[in-house]
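Chemist: Following this message is one structure expressed as structure tokens.
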Protein chains: 2
Amino acid sequence: MSAFTSIAGDPLDRNRFPLDDWALVEKRFEPEDLGVTETLFSVGNGYLGLRGNYEESRDAYEDGTFINGFHEIWPIQHAEEAYGLARVGQNIVNVPDPKVIRLYVDDEPLELSTADLLEYERRLDFKTGVLTRDLLWRTPSGKRVRVVSKRMVSFADKHLAVMTLEVTLLDDSAPVQISSQLINRQDRDRELAEEVQAESGIADPRKAEGFHRRVLVPQVSSIDEQKGRIRLGYRAAESRMTIGTVVDHHISGPADIVTESSISDDEGKIIFRMQAEAGQTIRLEKLASFHTATRVPARELIDRCERTLDRAIDEEGIQYQFDEQIEWLEEFWKRSDVEVRGAPDIQQATRWNLFSIIQAAARAEQQGIPAKGVTGSGYSGHYFWDTEIYVLPFLTYTSPNFARNALRFRHSLLPAARKRAGELSQRGALFPWRTIDGNEASAYYAAGTAQYHIDADISYGLSQYVGATGDLDFLHREGIDILVETARLWADLGFWLRQNGNSTFHIHGVTGPDEYTTVVNDNMFTNVMARFNLRRAADAVEETRAADPEAYAELVRRTGLEDDEIVEWRACAEGMSIPFDEKVGIHPQDSRFLDREMWDIEHTPLDVRPLLLHHHPLVIYRFQVLKQADVVLALFLQGEEFTLEEKLADFSYYDPITTGDSSLSAVAQSIIAAEVGYQDLALSYFREAVYVDLANRHANTADGVHVASVGACWSALAAGFGGFRDFGTHRGDEQWSFDPRLPEEWEALTYRVTLHGTRVRVDLERSSIRFTVEDGDQALTFTVRGEKVTVGPNSPVSVALKDQGPLLEGKPRNPAGTMRADGTIISATVPGRW
Amino acid sequence: MSAFTSIAGDPLDRNRFPLDDWALVEKRFEPEDLGVTETLFSVGNGYLGLRGNYEESRDAYEDGTFINGFHEIWPIQHAEEAYGLARVGQNIVNVPDPKVIRLYVDDEPLELSTADLLEYERRLDFKTGVLTRDLLWRTPSGKRVRVVSKRMVSFADKHLAVMTLEVTLLDDSAPVQISSQLINRQDRDRELAEEVQAESGIADPRKAEGFHRRVLVPQVSSIDEQKGRIRLGYRAAESRMTIGTVVDHHISGPADIVTESSISDDEGKIIFRMQAEAGQTIRLEKLASFHTATRVPARELIDRCERTLDRAIDEEGIQYQFDEQIEWLEEFWKRSDVEVRGAPDIQQATRWNLFSIIQAAARAEQQGIPAKGVTGSGYSGHYFWDTEIYVLPFLTYTSPNFARNALRFRHSLLPAARKRAGELSQRGALFPWRTIDGNEASAYYAAGTAQYHIDADISYGLSQYVGATGDLDFLHREGIDILVETARLWADLGFWLRQNGNSTFHIHGVTGPDEYTTVVNDNMFTNVMARFNLRRAADAVEETRAADPEAYAELVRRTGLEDDEIVEWRACAEGMSIPFDEKVGIHPQDSRFLDREMWDIEHTPLDVRPLLLHHHPLVIYRFQVLKQADVVLALFLQGEEFTLEEKLADFSYYDPITTGDSSLSAVAQSIIAAEVGYQDLALSYFREAVYVDLANRHANTADGVHVASVGACWSALAAGFGGFRDFGTHRGDEQWSFDPRLPEEWEALTYRVTLHGTRVRVDLERSSIRFTVEDGDQALTFTVRGEKVTVGPNSPVSVALKDQGPLLEGKPRNPAGTMRADGTIISATVPGRW
């Protein structure tokens, strides 16, 4: 039996979340899962993110406003010290919250949890990029009031957020009061939490890595009631990063509006009072601007905010911002949309996923892409391998410029990565497992620093980008440094074993992607990816030398590269030990993986899952049980290196012992399931992935969007079902290929890939696959199931399909209880609870 | 080449530390290594310990006063949490310091670092158990003053410490002032340290695990100037343990002595002022009493202290205390002395070692024996496997009642150990790797909780005690529970691998004694010791059933023991996988140890040793390199299971890659080196061990005595050179044996072992070994090199020896660079520093 339990049917309550092709819509206020919907209705642009908190801020799980990379540091206190452990913790900061707008009618506050709501709708529109809330509220005195609020974070202007509130009394006039705020919650909420804790004696577990001191040191706090502007500027106490925030207000409605204001270090407030007539609409426009820096004084950042607002309001106006947002998204969808015909729920979920990636990545620019984007403080706002392996493929093939930014950010971390390699007694560069500022922030090395594979993951993402775009200039002048320093790391980390005249290259003491088995020898994923890394580095150096001697000379000057190294890298790659067990006929996850006892997942009660929350790491590490795809991920990323038979054998072995306790698992499982023929299972896994947040499948969507899973959904669509592969392109060859697997339940699948600047639309139907150049004037060549196809502008090509690949019934079965070829009987156990 | 570098010649400066058979003597004040001499001149009785601080307390590394088991707790903050990690830290507390007596002559203070000292001697006398300091001081005004102070912690009365100060003006009269204090340094010094840190910005690394809040909450502080008593009582803030301390003063000398006193929460002080005449001796007697408890109010403990003092002073008098101390030690040395003829430096060092064990163990009673005894706060005052494996053999064979106390303490931890096993998903009991109160306090599981072997170590110590003493009553009624619960753990922890019709039992995911390779499969030491544990538990249960049906019924009632379990334990023991590599011809330390690259210790610069202070754990774990003996220790403890050839092969392989970075290594290496014939190397290792503290070989003697190493020196003497083995006695057979290895440099070695209540003196000379019953009326039978010998009271037996065992030249060589039988070439590397 597969360890994976699929979602039965549509996991969403369609009365609450009705189907809509181009929006996520909610029709009922539900206080039970505020944290989840705050995440789902977040708006952001990769730089600035506003969680989907209600304007009133009374009903909230976490009032969150985040700026990618704006963080505070703190000294990690290890319970037992050791040389080279991460020393400095890094946490994203909850920056000043501009979302709060409170409404009082007849002095009665609008509070959703108690309000009599005649109508309620939230809509996050994927085409307009605007979150709209539309309420019909009957006040305690029986007056009906329509309250419509909009919120967007501009894709076009990374520093700008726009909010509007429209209030219309439908029945009768009343005194109306609107209180708009800007609040430093990072410090105010900490103080509140500490008060609560002091009273209750209960620590808030969410504050475990939190700060017990002031994080944002006030630098500027001022208010201009006349202009309607509140300004707060801070410096983070330890990281010394600075932030400026200015909000701007314009109100229209009754002629007589009385304004009051107040300001303190942590809160600015403007209150508008008026007598509103029935039928008259009061409209508040609130714009917020954020600027952050590492060395610029907060005062200067405040000036930048003012200029942003002056332009946005006075020169362009608010409608211009909404229009620009639509235009920006129109371009995005042209490049990126995926259409799933015959499965409207999947269509909607898919678009929410794609929209979420772009909200995490669009304007990340000189920062990485955090594991939760800018939708929450989960994983402390850190960057992981998620970026290169799960998010970059989508960006590379649809918005290559964003991929380039992410890779240039990695490049900027090279000095810290070189230093870190030295701390680990190694040459070259070792990128941090998790970081914001480039320093390793993983305090648990067994499932952190030991994941050396991040070096190869970054090289892979870089190579994929170069292969897809042909951006050789970037490769020769910057990217090449990453390849050289990571290849050096691998050559130095591994060692040669000479046995009976044969030499093999081994990499010991590392952790692969699966964190349920740590610090092992010859992890298959790591070795396969390191081999790629070594080869690619050698190739790229030689290509650079041939194509751009000047860039090559610069490279040698920068890195001290010597010719012998190229020879060594090729030797290491060719000698790389890739574990394969002849008797069992599979690739063991590491050299001794098959020695381990097998965990009987099928008979493990649900109340002890996920395993990591109910078992000591030592218990989990002792078993054949996976948190996430490991070998199976290698079968996808380096699929050209393995036969279909090998893939089937490996997938069949690992699938039943893969818990999917990590959200990074389902997509890889889906892609390889589709390839080998477990097509129902592939679709189940995809549903798991595409609903990971929408259905809160890991019970922690409240902490933010699972950006890696969300990003990888595109890979599942394009590569898994769409059959798109780019094998060889990383090496500079152009060998794009298509071998599709359209799920039986779907009528058709359409997706786009941009290859060397030319955008091709792929229309997959049951009996054909059709390629159309949508943009660009180049002809492109690739193969469809081995046959060469060339598509040019205005000359679409259609290829007939006799089937959708191999088709296997059911799921792989757990090998427990069976006998291997060598007579070993696999026993499976459920570790006890005594 | 061996990884071990021996001490060249006598490591001590004999001008400063002259040879003395029965004392450690220091003839020169040396401020450079205060921390070391404070440890070396500590006095203690296993309950109470006073570091060798100078009375003036001006020149000190750490003013320390410790009570075994008196500790504070604190919540461990893991940088990254996981299920089942240790939650509560435990730290021994620096209890109120009674040692301070300050002297002023002509208002000039005696301060050693600036004083003009005409004579200086410190003497820790192993026969009187008294530390004496004798100074001749020339005051700044040129007057000579003899100052003699004595200090002892009573072995006879565990709650009592006695101090005297005698001051004699030799030349001229002068005003003299003596200020005697009792100080809570735990909290006062913390506040001072924090002030220093606030000013300097530099954290004191020794405070890393320290407390940043008040630990001792004042309960009692009073002073009775008339009676000369100061009383301080506290409750530890979190552990809620309580402590009472009372000091008592008697002064004699000039007729007119003016007394002043002061008291605060953290300090009591009595000042004596007088005009002293030349030739007249002023004598201050200061007695201190300590009582501690877990639930008794501090006020009541103060009463107990008063009663202790009333009796000690008023009923018995101070001379009685000194006499009792001598008498107690006379008995101790009768039972325990080891004489080394022909090596006076070794003789002195050996006696300091034996004296240090008894200072750590004598009155530990309902507590364990901490890694640093009561001489320092190193290792937080925790109990480790050190007790059973390194300290217990000496106690078992010379002071069995103290061994019984230590084992009964372990028995009292069973409930916590059962709970801990459950947290690790296991049946039975898992003893904590380090603890004071029974809960796991090891925050780094890879070199802590993963050391499951502690279960077998405790069973081994228990079985050795029962074998040596014949104390079956203890076994049947208490000790048996330990055997049953640990056997259960092993049976549940391991698993069966059925292969080609054979079934073998494997234990995965554990760390052996060597902490330079962690979380491995089938660690040889662990499996060998677990096999012993399983067998011994099965035997002991059956013996109990046969010998004491009532005790057996009680056992079944307490533990729910079922007959099937005995069968299972025997099966697990017989099926236990003991890794052996046919090609290399050795026992690998774990199933994949030989796959690892070899660390070239010979060419590793000294400035990166010990390795753990200069390399990330992941780097160290990747290599064949040992912190301490692992397989080699198993060859000693379970020597009956291995042939001499196997021992030689294993020792030769591991010795060159054993760094000895742990002080637990040298003794095991010494014993097996002696057995296999590397006799010079054996002596070198022994010198390393016997001087570990005296010569500060690990550069951390300042933190306290290395109790395990100190204890194991007796094993090196009796077992390593004396050739004593007790194989089989753990199983209930009596098979004591002797196969001696007298070092060439020594003339003779005499040691004692008490077997079933009869004390035998063993006199080993070059050509004979002689056995004499010193106490007891039983005849004893054992073998000498295979021949049966019976010795009875008044009938000594002498056996001629033709040699001292096999003799090999030099040291084993590092196998690096050589080719194994299977064609594998071993390469060795020094991990880089980049």
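By order of appearance in the structure tokens: chains A, B, ..., then residues from 1 within every chain, and ligands from 1 in the order shown.
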Could you please select, counting only C-alpha atoms, the residues of chain B within 7 Å of chain A and state them as a ChimeraX atom specification?
Modeler: /B:76-80,82-84,422,424-427,443-444,498-500,508-509,612-616,618-619,621-622,822-825,831-834
Chemist: Tell me, which residues of region 628-673 of chain A carry DSSP alpha helix (DSSP H), written as a PDB file with N, CA and C atoms, in the first residue's frame?
Modeler:
ATOM      1  N   VAL A 631      15.260   9.710  -3.651  1.00  0.00           N
ATOM      2  CA  VAL A 631      15.640   9.052  -4.900  1.00  0.00           C
ATOM      3  C   VAL A 631      14.674   9.468  -6.018  1.00  0.00           C
ATOM      4  N   VAL A 632      13.388   9.496  -5.680  1.00  0.00           N
ATOM      5  CA  VAL A 632      12.375   9.798  -6.703  1.00  0.00           C
ATOM      6  C   VAL A 632      12.561  11.199  -7.283  1.00  0.00           C
ATOM      7  N   LEU A 633      13.005  12.134  -6.463  1.00  0.00           N
ATOM      8  CA  LEU A 633      13.267  13.478  -6.969  1.00  0.00           C
ATOM      9  C   LEU A 633      14.453  13.459  -7.932  1.00  0.00           C
ATOM     10  N   ALA A 634      15.461  12.657  -7.600  1.00  0.00           N
ATOM     11  CA  ALA A 634      16.617  12.544  -8.504  1.00  0.00           C
ATOM     12  C   ALA A 634      16.195  11.940  -9.841  1.00  0.00           C
ATOM     13  N   LEU A 635      15.243  11.009  -9.803  1.00  0.00           N
ATOM     14  CA  LEU A 635      14.759  10.384 -11.036  1.00  0.00           C
ATOM     15  C   LEU A 635      14.106  11.410 -11.955  1.00  0.00           C
ATOM     16  N   PHE A 636      13.545  12.461 -11.349  1.00  0.00           N
ATOM     17  CA  PHE A 636      12.963  13.534 -12.157  1.00  0.00           C
ATOM     18  C   PHE A 636      14.046  14.501 -12.636  1.00  0.00           C
ATOM     19  N   LEU A 637      14.814  15.051 -11.690  1.00  0.00           N
ATOM     20  CA  LEU A 637      15.754  16.112 -12.060  1.00  0.00           C
ATOM     21  C   LEU A 637      16.852  15.594 -12.996  1.00  0.00           C
ATOM     22  N   LEU A 644      13.454   3.759 -17.844  1.00  0.00           N
ATOM     23  CA  LEU A 644      12.090   3.698 -17.337  1.00  0.00           C
ATOM     24  C   LEU A 644      11.930   2.545 -16.350  1.00  0.00           C
ATOM     25  N   GLU A 645      12.622   1.439 -16.624  1.00  0.00           N
ATOM     26  CA  GLU A 645      12.540   0.277 -15.726  1.00  0.00           C
ATOM     27  C   GLU A 645      13.100   0.628 -14.346  1.00  0.00           C
ATOM     28  N   GLU A 646      14.230   1.322 -14.348  1.00  0.00           N
ATOM     29  CA  GLU A 646      14.808   1.731 -13.062  1.00  0.00           C
ATOM     30  C   GLU A 646      13.855   2.658 -12.316  1.00  0.00           C
ATOM     31  N   LYS A 647      13.265   3.574 -13.059  1.00  0.00           N
ATOM     32  CA  LYS A 647      12.346   4.511 -12.416  1.00  0.00           C
ATOM     33  C   LYS A 647      11.159   3.779 -11.810  1.00  0.00           C
ATOM     34  N   LEU A 648      10.636   2.807 -12.542  1.00  0.00           N
ATOM     35  CA  LEU A 648       9.498   2.048 -12.027  1.00  0.00           C
ATOM     36  C   LEU A 648       9.892   1.269 -10.775  1.00  0.00           C
ATOM     37  N   ALA A 649      11.054   0.647 -10.811  1.00  0.00           N
ATOM     38  CA  ALA A 649      11.488  -0.147  -9.653  1.00  0.00           C
ATOM     39  C   ALA A 649      11.691   0.751  -8.430  1.00  0.00           C
ATOM     40  N   ASP A 650      12.385   1.861  -8.641  1.00  0.00           N
ATOM     41  CA  ASP A 650      12.649   2.768  -7.520  1.00  0.00           C
ATOM     42  C   ASP A 650      11.345   3.357  -6.971  1.00  0.00           C
ATOM     43  N   PHE A 651      10.503   3.840  -7.881  1.00  0.00           N
ATOM     44  CA  PHE A 651       9.254   4.446  -7.426  1.00  0.00           C
ATOM     45  C   PHE A 651       8.425   3.435  -6.650  1.00  0.00           C
ATOM     46  N   SER A 652       8.357   2.221  -7.151  1.00  0.00           N
ATOM     47  CA  SER A 652       7.531   1.192  -6.510  1.00  0.00           C
ATOM     48  C   SER A 652       8.061   0.859  -5.113  1.00  0.00           C
ATOM     49  N   TYR A 653       9.371   0.931  -4.962  1.00  0.00           N
ATOM     50  CA  TYR A 653       9.945   0.627  -3.654  1.00  0.00           C
ATOM     51  C   TYR A 653       9.697   1.772  -2.664  1.00  0.00           C
ATOM     52  N   TYR A 654       9.922   2.989  -3.120  1.00  0.00           N
ATOM     53  CA  TYR A 654       9.895   4.110  -2.175  1.00  0.00           C
ATOM     54  C   TYR A 654       8.497   4.637  -1.901  1.00  0.00           C
ATOM     55  N   SER A 665       7.080  16.795  -1.026  1.00  0.00           N
ATOM     56  CA  SER A 665       7.105  15.432  -1.520  1.00  0.00           C
ATOM     57  C   SER A 665       6.131  15.168  -2.664  1.00  0.00           C
ATOM     58  N   ALA A 666       4.910  15.648  -2.503  1.00  0.00           N
ATOM     59  CA  ALA A 666       3.822  15.193  -3.375  1.00  0.00           C
ATOM     60  C   ALA A 666       4.097  15.448  -4.852  1.00  0.00           C
ATOM     61  N   VAL A 667       4.685  16.601  -5.172  1.00  0.00           N
ATOM     62  CA  VAL A 667       4.870  16.931  -6.577  1.00  0.00           C
ATOM     63  C   VAL A 667       5.854  15.976  -7.244  1.00  0.00           C
ATOM     64  N   ALA A 668       6.975  15.697  -6.570  1.00  0.00           N
ATOM     65  CA  ALA A 668       7.957  14.778  -7.161  1.00  0.00           C
ATOM     66  C   ALA A 668       7.343  13.400  -7.335  1.00  0.00           C
ATOM     67  N   GLN A 669       6.594  12.966  -6.336  1.00  0.00           N
ATOM     68  CA  GLN A 669       5.925  11.661  -6.434  1.00  0.00           C
ATOM     69  C   GLN A 669       4.948  11.661  -7.613  1.00  0.00           C
ATOM     70  N   SER A 670       4.245  12.781  -7.776  1.00  0.00           N
ATOM     71  CA  SER A 670       3.254  12.881  -8.859  1.00  0.00           C
ATOM     72  C   SER A 670       3.928  12.768 -10.229  1.00  0.00           C
ATOM     73  N   ILE A 671       5.036  13.474 -10.388  1.00  0.00           N
ATOM     74  CA  ILE A 671       5.687  13.512 -11.708  1.00  0.00           C
ATOM     75  C   ILE A 671       6.192  12.122 -12.096  1.00  0.00           C
ATOM     76  N   ILE A 672       6.853  11.438 -11.148  1.00  0.00           N
ATOM     77  CA  ILE A 672       7.408  10.120 -11.496  1.00  0.00           C
ATOM     78  C   ILE A 672       6.300   9.063 -11.570  1.00  0.00           C
ATOM     79  N   ALA A 673       5.279   9.197 -10.737  1.00  0.00           N
ATOM     80  CA  ALA A 673       4.133   8.283 -10.862  1.00  0.00           C
ATOM     81  C   ALA A 673       3.559   8.369 -12.277  1.00  0.00           C
TER      82      ALA A 673
END
Chemist: Can you tell me which residues surround Arg410 (chain B) at a distance of at most 9 Å, considering only C-alpha atoms, apart from same-chain residues fewer than 3 positions away, and format the answer as a compact mmCIF listing (two decimals) with all heavy atoms, in the first residue's frame?
Modeler:
# COMPACT_ATOMS: atom_id res chain seq x y z
N GLN B 367 23.35 9.54 46.22
CA GLN B 367 23.59 10.23 44.97
C GLN B 367 24.53 9.41 44.12
O GLN B 367 25.13 8.44 44.60
CB GLN B 367 24.20 11.61 45.23
CG GLN B 367 23.30 12.55 46.01
CD GLN B 367 22.02 12.87 45.27
OE1 GLN B 367 21.98 12.88 44.05
NE2 GLN B 367 20.95 13.11 46.02
N GLY B 368 24.66 9.84 42.86
CA GLY B 368 25.66 9.21 42.00
C GLY B 368 27.04 9.79 42.25
O GLY B 368 27.25 10.53 43.23
N ASN B 405 26.05 1.43 47.24
CA ASN B 405 25.34 2.71 47.29
C ASN B 405 25.13 3.27 45.89
O ASN B 405 24.05 3.75 45.55
CB ASN B 405 26.11 3.72 48.13
CG ASN B 405 25.98 3.45 49.62
OD1 ASN B 405 25.04 2.79 50.06
ND2 ASN B 405 26.94 3.94 50.39
N ALA B 406 26.20 3.24 45.10
CA ALA B 406 26.10 3.82 43.75
C ALA B 406 25.08 3.06 42.91
O ALA B 406 24.32 3.65 42.13
CB ALA B 406 27.47 3.79 43.07
N LEU B 407 25.03 1.74 43.09
CA LEU B 407 24.08 0.92 42.32
C LEU B 407 22.65 1.12 42.82
O LEU B 407 21.71 1.13 42.03
CB LEU B 407 24.48 -0.55 42.39
CG LEU B 407 25.77 -0.86 41.61
CD1 LEU B 407 26.34 -2.22 42.03
CD2 LEU B 407 25.52 -0.81 40.10
N LEU B 413 16.67 5.46 39.97
CA LEU B 413 16.34 6.21 38.75
C LEU B 413 15.46 5.41 37.78
O LEU B 413 15.09 5.91 36.72
CB LEU B 413 17.62 6.62 38.01
CG LEU B 413 18.65 7.46 38.78
CD1 LEU B 413 19.77 7.91 37.83
CD2 LEU B 413 18.00 8.69 39.41
N LEU B 414 15.14 4.19 38.15
CA LEU B 414 14.37 3.34 37.21
C LEU B 414 13.05 3.95 36.73
O LEU B 414 12.75 3.87 35.54
CB LEU B 414 14.13 1.96 37.82
CG LEU B 414 15.07 0.85 37.37
CD1 LEU B 414 14.73 -0.45 38.09
CD2 LEU B 414 15.01 0.63 35.86
N PHE B 431 18.34 4.51 30.66
CA PHE B 431 18.93 5.43 31.61
C PHE B 431 19.44 6.66 30.88
O PHE B 431 19.86 6.60 29.72
CB PHE B 431 20.06 4.75 32.39
CG PHE B 431 19.55 3.79 33.42
CD1 PHE B 431 19.38 2.44 33.14
CD2 PHE B 431 19.18 4.26 34.67
CE1 PHE B 431 18.88 1.57 34.09
CE2 PHE B 431 18.67 3.39 35.64
CZ PHE B 431 18.52 2.04 35.34
N GLY B 438 17.77 12.18 37.39
CA GLY B 438 17.20 11.01 36.74
C GLY B 438 16.64 11.31 35.37
O GLY B 438 16.42 10.40 34.57
N ILE B 458 25.54 -0.11 33.00
CA ILE B 458 25.00 -0.21 34.36
C ILE B 458 24.79 -1.67 34.73
O ILE B 458 25.13 -2.11 35.84
CB ILE B 458 23.69 0.61 34.46
CG1 ILE B 458 24.02 2.11 34.35
CG2 ILE B 458 22.93 0.30 35.74
CD1 ILE B 458 22.81 3.01 34.16
N ILE B 482 16.86 -3.73 37.32
CA ILE B 482 17.69 -3.06 36.31
C ILE B 482 17.98 -4.03 35.17
O ILE B 482 17.85 -3.68 33.98
CB ILE B 482 19.01 -2.57 36.95
CG1 ILE B 482 18.74 -1.43 37.92
CG2 ILE B 482 20.01 -2.16 35.88
CD1 ILE B 482 19.97 -0.90 38.64
Chemist: Show which residues sit within 12 Å of Gly9 (chain B), as a PyMOL selection string. Count only C-alpha atoms, and ignore same-chain residues fewer than 4 positions away.
Modeler: chain B and resi 13-14+343+345-346+683-684+687-688+691+695
Chemist: I need the residue nearest Gln451 (chain B) from this list: B:Asn523, B:Thr544, B:Thr729, B:Ser795. Use only C-alpha atoms for the distance.
Modeler: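 The closest residue to Gln451 (chain B) is B:Asn523.
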Chemist: Show me, as a compact mmCIF listing (two decimals) with N, CA, C and O atoms, in the first residue's frame, the residues that have an atom within 9 Å of Gly49 (chain B) when counting only C-alpha atoms, minus same-chain residues fewer than 3 positions from it.
Modeler:
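The resulting file, around.txt, is reproduced below:
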# COMPACT_ATOMS: atom_id res chain seq x y z
N SER B 42 41.82 20.02 46.33
CA SER B 42 40.46 19.95 46.87
C SER B 42 40.38 18.94 48.00
O SER B 42 41.11 17.95 48.01
N VAL B 43 39.48 19.20 48.95
CA VAL B 43 39.15 18.18 49.95
C VAL B 43 37.65 17.91 49.87
O VAL B 43 36.86 18.83 49.63
N GLY B 44 37.28 16.66 50.02
CA GLY B 44 35.87 16.32 49.90
C GLY B 44 35.61 14.91 50.39
O GLY B 44 36.55 14.14 50.63
N ASN B 45 34.36 14.60 50.52
CA ASN B 45 34.01 13.25 51.01
C ASN B 45 32.94 12.59 50.16
O ASN B 45 32.29 11.64 50.59
N GLY B 46 32.72 13.11 48.96
CA GLY B 46 31.71 12.53 48.07
C GLY B 46 30.36 13.19 48.25
O GLY B 46 29.52 13.13 47.34
N GLY B 64 35.04 27.50 44.84
CA GLY B 64 33.98 26.51 44.68
C GLY B 64 33.72 25.68 45.92
O GLY B 64 34.64 25.22 46.60
N THR B 65 32.46 25.49 46.21
CA THR B 65 32.00 24.61 47.29
C THR B 65 30.81 23.86 46.71
O THR B 65 29.86 24.49 46.23
N PHE B 66 30.88 22.53 46.71
CA PHE B 66 29.84 21.78 46.01
C PHE B 66 29.27 20.68 46.89
O PHE B 66 30.00 20.08 47.69
N ILE B 67 27.99 20.46 46.73
CA ILE B 67 27.35 19.33 47.38
C ILE B 67 26.77 18.46 46.29
O ILE B 67 25.98 18.93 45.45
N ASN B 68 27.21 17.23 46.30
CA ASN B 68 26.79 16.24 45.30
C ASN B 68 25.27 16.22 45.18
O ASN B 68 24.56 15.98 46.17
N VAL B 153 37.49 17.87 55.02
CA VAL B 153 36.08 17.51 54.98
C VAL B 153 36.01 16.10 55.54
O VAL B 153 36.72 15.19 55.08
N GLN B 359 37.58 10.55 47.68
CA GLN B 359 37.00 11.88 47.96
C GLN B 359 35.74 12.11 47.12
O GLN B 359 34.88 12.87 47.50
N ALA B 360 35.65 11.45 45.99
CA ALA B 360 34.48 11.60 45.12
C ALA B 360 33.35 10.66 45.51
O ALA B 360 32.18 10.94 45.26
N GLY B 373 33.43 14.62 40.52
CA GLY B 373 33.31 14.47 41.96
C GLY B 373 32.69 15.73 42.55
O GLY B 373 31.74 16.29 41.98
N VAL B 374 33.24 16.17 43.69
CA VAL B 374 32.76 17.43 44.26
C VAL B 374 33.89 18.45 44.22
O VAL B 374 34.03 19.29 45.11
N THR B 375 34.68 18.38 43.14
CA THR B 375 35.84 19.28 43.04
C THR B 375 35.64 20.42 42.06
O THR B 375 36.52 21.28 41.93
N GLY B 376 34.55 20.44 41.34
CA GLY B 376 34.35 21.49 40.36
C GLY B 376 32.98 21.36 39.74
O GLY B 376 32.27 20.38 39.97
Chemist: Which of region 55-84 of chain B end up as strand (DSSP E) when DSSP is run on this backbone - answer as a count of residues only?
Modeler: 11
Chemist: Give the answer as one residue: which of B:Asp171, B:Glu191, B:Glu388, B:Glu675 has the shortest atom-to-atom distance to Gly639 (chain B), using only C-alpha atoms?
Modeler: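 Ranked by minimum distance to Gly639 (chain B), first place goes to B:Glu675.
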Chemist: With only C-alpha atoms as the counted atoms, please give the residues lying no more than 10 Å from region 315-321 of chain B, apart from itself and same-chain residues fewer than 3 positions off, as a list in words.
Modeler: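 In the requested format, the answer is Met152, Val153, Ser154, Phe155, Ala156, Asp157, Leu160, Ala161, Val162, Met163, Thr164, Glu285, Lys286, Leu287, Leu309, Asp310, Arg311, Ala312, Glu324, Gln325, Ile326 and Glu327 of chain B.
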Chemist: Grab the CA of Thr469 (chain B) to CA of Ala779 (chain B) distance for me, in Å with one decimal place.
Modeler: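 Interatomic distance here is 14.2 Å.
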Chemist: Give me, as a PyMOL selection string, all polymer residues having an atom no more than 12 Å from Trp714 (chain A), counting only C-alpha atoms and skipping those fewer than 4 positions away in the same chain.
Modeler: chain A and resi 336-340+349-358+389-398+667-668+670-671+686+689-690+707-710+718-724+749-753
Chemist: If you measure from CA of Gln679 (chain A) to CA of Gln348 (chain A), what distance in Å do you get, rounded to one decimal?
Modeler: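 Spanning CA of Gln679 (chain A) to CA of Gln348 (chain A) is a straight-line distance of 21.4 Å.
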